[in-house]
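Student: So I've got this file, start-v8.cif, and it contains mmCIF, C-alpha atoms, pLDDT in the B column; chains and numbers go by the auth columns:
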```
data_model
#
loop_
_atom_site.group_PDB
_atom_site.id
_atom_site.type_symbol
_atom_site.label_atom_id
_atom_site.label_comp_id
_atom_site.label_asym_id
_atom_site.label_seq_id
_atom_site.Cartn_x
_atom_site.Cartn_y
_atom_site.Cartn_z
_atom_site.B_iso_or_equiv
_atom_site.auth_seq_id
_atom_site.auth_asym_id
ATOM 1 C CA MET A 1 90.185 100.905 108.547 57.00 547 A
ATOM 2 C CA LYS A 2 89.101 100.075 105.000 81.00 548 A
ATOM 3 C CA VAL A 3 91.305 97.829 102.883 85.00 549 A
ATOM 4 C CA VAL A 4 91.889 100.604 100.344 88.00 550 A
ATOM 5 C CA GLU A 5 93.060 102.907 103.161 88.00 551 A
ATOM 6 C CA ARG A 6 95.428 100.227 104.409 87.00 552 A
ATOM 7 C CA ILE A 7 96.796 99.729 100.869 91.00 553 A
ATOM 8 C CA ASN A 8 97.469 103.445 100.566 90.00 554 A
ATOM 9 C CA GLU A 9 99.110 103.419 104.001 88.00 555 A
ATOM 10 C CA ILE A 10 101.417 100.603 102.876 90.00 556 A
ATOM 11 C CA LEU A 11 102.212 102.540 99.704 92.00 557 A
ATOM 12 C CA LYS A 12 103.355 105.479 101.851 91.00 558 A
ATOM 13 C CA GLU A 13 105.360 103.223 104.173 88.00 559 A
ATOM 14 C CA LYS A 14 107.151 101.659 101.209 89.00 560 A
ATOM 15 C CA ASN A 15 107.494 104.956 99.363 93.00 561 A
ATOM 16 C CA LEU A 16 105.638 103.603 96.317 91.00 562 A
ATOM 17 C CA SER A 17 103.338 105.520 94.013 92.00 563 A
ATOM 18 C CA LYS A 18 99.925 104.332 92.903 91.00 564 A
ATOM 19 C CA LYS A 19 101.251 104.382 89.360 90.00 565 A
ATOM 20 C CA GLU A 20 104.081 102.030 90.295 92.00 566 A
ATOM 21 C CA LEU A 21 101.627 99.702 92.048 91.00 567 A
ATOM 22 C CA ALA A 22 99.351 99.772 88.993 89.00 568 A
ATOM 23 C CA HIS A 23 102.230 98.755 86.734 89.00 569 A
ATOM 24 C CA ARG A 24 103.242 95.993 89.142 90.00 570 A
ATOM 25 C CA LEU A 25 99.678 94.653 89.149 89.00 571 A
ATOM 26 C CA ILE A 26 99.590 94.564 85.372 87.00 572 A
ATOM 27 C CA ASP A 27 103.034 92.905 85.268 88.00 573 A
ATOM 28 C CA LEU A 28 101.797 90.240 87.709 86.00 574 A
ATOM 29 C CA GLY A 29 98.989 89.368 85.305 85.00 575 A
ATOM 30 C CA LEU A 30 96.016 90.865 87.126 81.00 576 A
ATOM 31 C CA ARG A 31 92.921 90.160 85.009 79.00 577 A
ATOM 32 C CA ALA A 32 89.321 91.211 85.313 71.00 578 A
ATOM 33 C CA ASN A 33 87.056 88.259 86.123 69.00 579 A
ATOM 34 C CA LYS A 34 84.358 89.208 83.628 72.00 580 A
ATOM 35 C CA THR A 35 86.492 90.101 80.610 72.00 581 A
ATOM 36 C CA GLY A 36 89.736 88.281 81.355 76.00 582 A
ATOM 37 C CA GLU A 37 91.665 91.377 80.323 79.00 583 A
ATOM 38 C CA SER A 38 94.190 93.447 82.241 80.00 584 A
ATOM 39 C CA PRO A 39 92.626 96.484 83.898 83.00 585 A
ATOM 40 C CA THR A 40 93.675 99.898 82.684 84.00 586 A
ATOM 41 C CA ILE A 41 95.844 102.185 84.787 87.00 587 A
ATOM 42 C CA SER A 42 92.856 104.494 85.278 88.00 588 A
ATOM 43 C CA SER A 43 90.639 101.657 86.533 87.00 589 A
ATOM 44 C CA ILE A 44 93.341 100.594 88.988 87.00 590 A
ATOM 45 C CA TYR A 45 93.503 104.209 90.211 88.00 591 A
ATOM 46 C CA ALA A 46 89.735 104.083 90.707 89.00 592 A
ATOM 47 C CA TYR A 47 90.154 101.012 92.924 87.00 593 A
ATOM 48 C CA LEU A 48 93.014 102.604 94.869 87.00 594 A
ATOM 49 C CA ASN A 49 91.071 105.840 95.353 89.00 595 A
ATOM 50 C CA GLY A 50 88.034 103.941 96.639 87.00 596 A
ATOM 51 C CA ASN A 51 85.804 104.961 93.718 90.00 597 A
ATOM 52 C CA ILE A 52 85.285 101.301 92.801 86.00 598 A
ATOM 53 C CA ASP A 53 85.095 98.522 95.399 86.00 599 A
ATOM 54 C CA LEU A 54 88.071 96.178 95.371 84.00 600 A
ATOM 55 C CA LYS A 55 87.296 92.633 94.275 82.00 601 A
ATOM 56 C CA ALA A 56 88.415 89.785 96.517 81.00 602 A
ATOM 57 C CA ASP A 57 90.338 88.119 93.690 83.00 603 A
ATOM 58 C CA MET A 58 92.514 91.246 93.379 86.00 604 A
ATOM 59 C CA LEU A 59 93.841 91.056 96.933 87.00 605 A
ATOM 60 C CA PRO A 60 96.483 88.336 96.364 88.00 606 A
ATOM 61 C CA PHE A 61 97.863 90.355 93.437 88.00 607 A
ATOM 62 C CA ILE A 62 97.879 93.570 95.472 91.00 608 A
ATOM 63 C CA ALA A 63 99.617 91.884 98.412 89.00 609 A
ATOM 64 C CA ASP A 64 102.192 90.358 96.068 90.00 610 A
ATOM 65 C CA ALA A 65 102.799 93.679 94.303 91.00 611 A
ATOM 66 C CA LEU A 66 103.276 95.386 97.679 91.00 612 A
ATOM 67 C CA GLY A 67 105.464 92.600 99.054 89.00 613 A
ATOM 68 C CA VAL A 68 103.202 91.939 102.039 86.00 614 A
ATOM 69 C CA TYR A 69 101.008 89.110 103.277 81.00 615 A
ATOM 70 C CA GLU A 70 97.319 89.372 102.411 81.00 616 A
ATOM 71 C CA GLN A 71 96.462 89.579 106.130 76.00 617 A
ATOM 72 C CA GLU A 72 98.399 92.830 106.344 79.00 618 A
ATOM 73 C CA LEU A 73 95.837 94.437 104.064 82.00 619 A
ATOM 74 C CA PHE A 74 93.251 93.974 106.804 77.00 620 A
ATOM 75 C CA SER A 75 95.285 94.588 109.951 66.00 621 A
ATOM 76 C CA GLU A 76 95.597 97.768 111.905 58.00 622 A
ATOM 77 C CA ASP A 77 98.846 99.661 111.850 56.00 623 A
ATOM 78 C CA SER A 78 101.533 97.164 112.840 55.00 624 A
ATOM 79 C CA LYS A 79 103.486 99.832 114.687 58.00 625 A
ATOM 80 C CA ARG A 80 100.504 100.454 116.958 58.00 626 A
ATOM 81 C CA ILE A 81 100.320 96.748 117.694 57.00 627 A
ATOM 82 C CA LEU A 82 104.043 96.661 118.491 58.00 628 A
ATOM 83 C CA ARG A 83 103.748 99.702 120.756 60.00 629 A
ATOM 84 C CA LYS A 84 101.014 97.939 122.758 60.00 630 A
ATOM 85 C CA PHE A 85 103.229 94.867 122.985 62.00 631 A
ATOM 86 C CA TYR A 86 106.217 96.914 124.169 62.00 632 A
ATOM 87 C CA LEU A 87 104.138 98.732 126.771 64.00 633 A
ATOM 88 C CA GLN A 88 103.178 95.401 128.310 67.00 634 A
ATOM 89 C CA ASN A 89 106.836 94.483 128.754 70.00 635 A
ATOM 90 C CA PRO A 90 109.345 97.329 128.254 68.00 636 A
ATOM 91 C CA ILE A 91 112.238 94.834 128.200 72.00 637 A
ATOM 92 C CA PHE A 92 111.111 93.902 124.664 69.00 638 A
ATOM 93 C CA ALA A 93 111.503 97.493 123.476 68.00 639 A
ATOM 94 C CA LYS A 94 115.255 96.995 123.183 73.00 640 A
ATOM 95 C CA TYR A 95 114.538 94.512 120.364 73.00 641 A
ATOM 96 C CA SER A 96 112.239 96.814 118.391 71.00 642 A
ATOM 97 C CA HIS A 97 114.865 97.440 115.698 75.00 643 A
ATOM 98 C CA ILE A 98 115.059 93.684 115.046 80.00 644 A
ATOM 99 C CA VAL A 99 111.284 93.420 114.761 73.00 645 A
ATOM 100 C CA GLU A 100 111.210 96.317 112.298 73.00 646 A
ATOM 101 C CA LEU A 101 113.873 94.621 110.151 79.00 647 A
ATOM 102 C CA LEU A 102 111.754 91.462 109.842 77.00 648 A
ATOM 103 C CA GLU A 103 109.789 93.252 107.121 74.00 649 A
ATOM 104 C CA TYR A 104 112.794 92.792 104.827 78.00 650 A
ATOM 105 C CA ILE A 105 113.494 89.105 105.476 81.00 651 A
ATOM 106 C CA SER A 106 112.665 86.522 102.828 83.00 652 A
ATOM 107 C CA PRO A 107 110.069 83.846 103.667 81.00 653 A
ATOM 108 C CA LYS A 108 112.766 81.134 103.556 86.00 654 A
ATOM 109 C CA SER A 109 115.061 83.081 105.898 87.00 655 A
ATOM 110 C CA LEU A 110 112.122 83.752 108.213 85.00 656 A
ATOM 111 C CA GLU A 111 111.460 80.005 108.446 89.00 657 A
ATOM 112 C CA THR A 112 115.131 79.416 109.254 93.00 658 A
ATOM 113 C CA LEU A 113 115.072 82.148 111.903 91.00 659 A
ATOM 114 C CA GLU A 114 111.940 80.670 113.471 91.00 660 A
ATOM 115 C CA ARG A 115 113.480 77.176 113.612 95.00 661 A
ATOM 116 C CA THR A 116 116.686 78.568 115.125 95.00 662 A
ATOM 117 C CA LEU A 117 114.866 80.587 117.782 92.00 663 A
ATOM 118 C CA THR A 118 112.616 77.636 118.620 94.00 664 A
ATOM 119 C CA SER A 119 115.716 75.456 119.033 95.00 665 A
ATOM 120 C CA TYR A 120 117.295 78.068 121.346 94.00 666 A
ATOM 121 C CA LYS A 121 114.087 78.230 123.352 92.00 667 A
ATOM 122 C CA HIS A 122 114.008 74.457 123.877 95.00 668 A
ATOM 123 C CA LYS A 123 117.705 74.337 124.824 94.00 669 A
ATOM 124 C CA THR A 124 117.227 77.178 127.311 93.00 670 A
ATOM 125 C CA GLN A 125 114.210 75.432 128.838 93.00 671 A
ATOM 126 C CA GLU A 126 116.193 72.193 129.148 94.00 672 A
ATOM 127 C CA LEU A 127 119.085 74.033 130.780 93.00 673 A
ATOM 128 C CA ASN A 128 116.736 75.804 133.209 92.00 674 A
ATOM 129 C CA HIS A 129 115.181 72.447 134.085 91.00 675 A
ATOM 130 C CA ILE A 130 118.644 70.964 134.811 91.00 676 A
ATOM 131 C CA ILE A 131 119.576 73.987 136.936 92.00 677 A
ATOM 132 C CA GLU A 132 116.363 73.664 138.967 90.00 678 A
ATOM 133 C CA LYS A 133 117.302 70.094 139.871 88.00 679 A
ATOM 134 C CA ILE A 134 120.693 71.174 141.242 84.00 680 A
#
```
Could you take the file, read its structure, and then write that structure out as structure tokens?
Tutor:
Amino acid sequence: MKVVERINEILKEKNLSKKELAHRLIDLGLRANKTGESPTISSIYAYLNGNIDLKADMLPFIADALGVYEQELFSEDSKRILRKFYLQNPIFAKYSHIVELLEYISPKSLETLERTLTSYKHKTQELNHIIEKI
């Protein structure tokens, strides 16, 4: 999947228009490398329609404007990845709603969640080790 296709897919998922994304990019201070000026709405449309190749220096701005990580602009559909994961172990399917909600968590809260879950994992492993000795 091309990056521009993935961007348009994310726009649909987030119910955003290309016009809204264009305005967000301009508000974030996107500048053309050669001229140092903000691109016009029509030139941003040309990028989003695939008429002009996206420049690598635009990707951080696009990811920020979409509220995603840059890597998500290159990845395949995350739902397909999750489906494959769930098929390997159907027990995890009961947590799919939690995984889908992670999209809305702030980076700071995600770090806190990761630390908490890691702590629970270690405590569970310690408890299992104690139980095995009994």
Student: Suppose you want the space between atom CA of A:Glu566 and atom CA of A:Gly613; what is it in Å?
Tutor: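 The value is 12.9 Å.
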Student: With the PyMOL selection byres ((chain A and resi 587) around 8) as the selection, what would be picked from this file? Answer as a PDB file with C-alpha atoms, in the coordinates of the input, please.
Tutor:
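Output (selection17.pdb):
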```
ATOM      1  CA  LYS A 565     101.251 104.382  89.360  1.00 90.00           C
ATOM      2  CA  ALA A 568      99.351  99.772  88.993  1.00 89.00           C
ATOM      3  CA  HIS A 569     102.230  98.755  86.734  1.00 89.00           C
ATOM      4  CA  PRO A 585      92.626  96.484  83.898  1.00 83.00           C
ATOM      5  CA  THR A 586      93.675  99.898  82.684  1.00 84.00           C
ATOM      6  CA  SER A 588      92.856 104.494  85.278  1.00 88.00           C
ATOM      7  CA  SER A 589      90.639 101.657  86.533  1.00 87.00           C
ATOM      8  CA  ILE A 590      93.341 100.594  88.988  1.00 87.00           C
ATOM      9  CA  TYR A 591      93.503 104.209  90.211  1.00 88.00           C
TER      10      TYR A 591
END
```
Student: What residues come out when you apply the PyMOL selection byres ((chain A and resi 574) around 10) to this file, written as a list in words?
Tutor: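 Going through the file, the PyMOL selection byres ((chain A and resi 574) around 10) ends up selecting Ala568, His569, Arg570, Leu571, Ile572, Asp573, Gly575, Leu576, Arg577, Ser584, Phe607, Ile608, Asp610 and Ala611 of chain A.
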Student: List the spatial neighbours of stretch 547-559 of chain A as a PyMOL selection string - criterion: any atom at most 7 Å away, only C-alpha atoms, same-chain residues fewer than 2 positions off excluded.
Tutor: chain A and resi 561-563+594+596+619-620
Student: Go through A:Lys580, A:Glu649, A:Ser642, A:Asp603 and flag the residue nearest A:Lys560, using all atoms listed in the file for the distances.
Tutor: A:Glu649
Student: Enter the distance from atom CA of A:Val645 to atom CA of A:Leu567, in Å, rounded to one decimal.
Tutor: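 Here the two named atoms are 25.5 Å from each other.
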Student: Find, counting all atoms listed in the file, the residue in A:Leu612, A:Glu657, A:Glu583, A:Ala578 that gets nearest to A:Leu600.
Tutor: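 Result for the nearest residue to A:Leu600: A:Ala578.
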Student: What does the distance from atom CA of A:Tyr615 to atom CA of A:Lys640 come to in Å, to one decimal?
Tutor: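 About the pair atom CA of A:Tyr615 and atom CA of A:Lys640: they are 25.7 Å apart.
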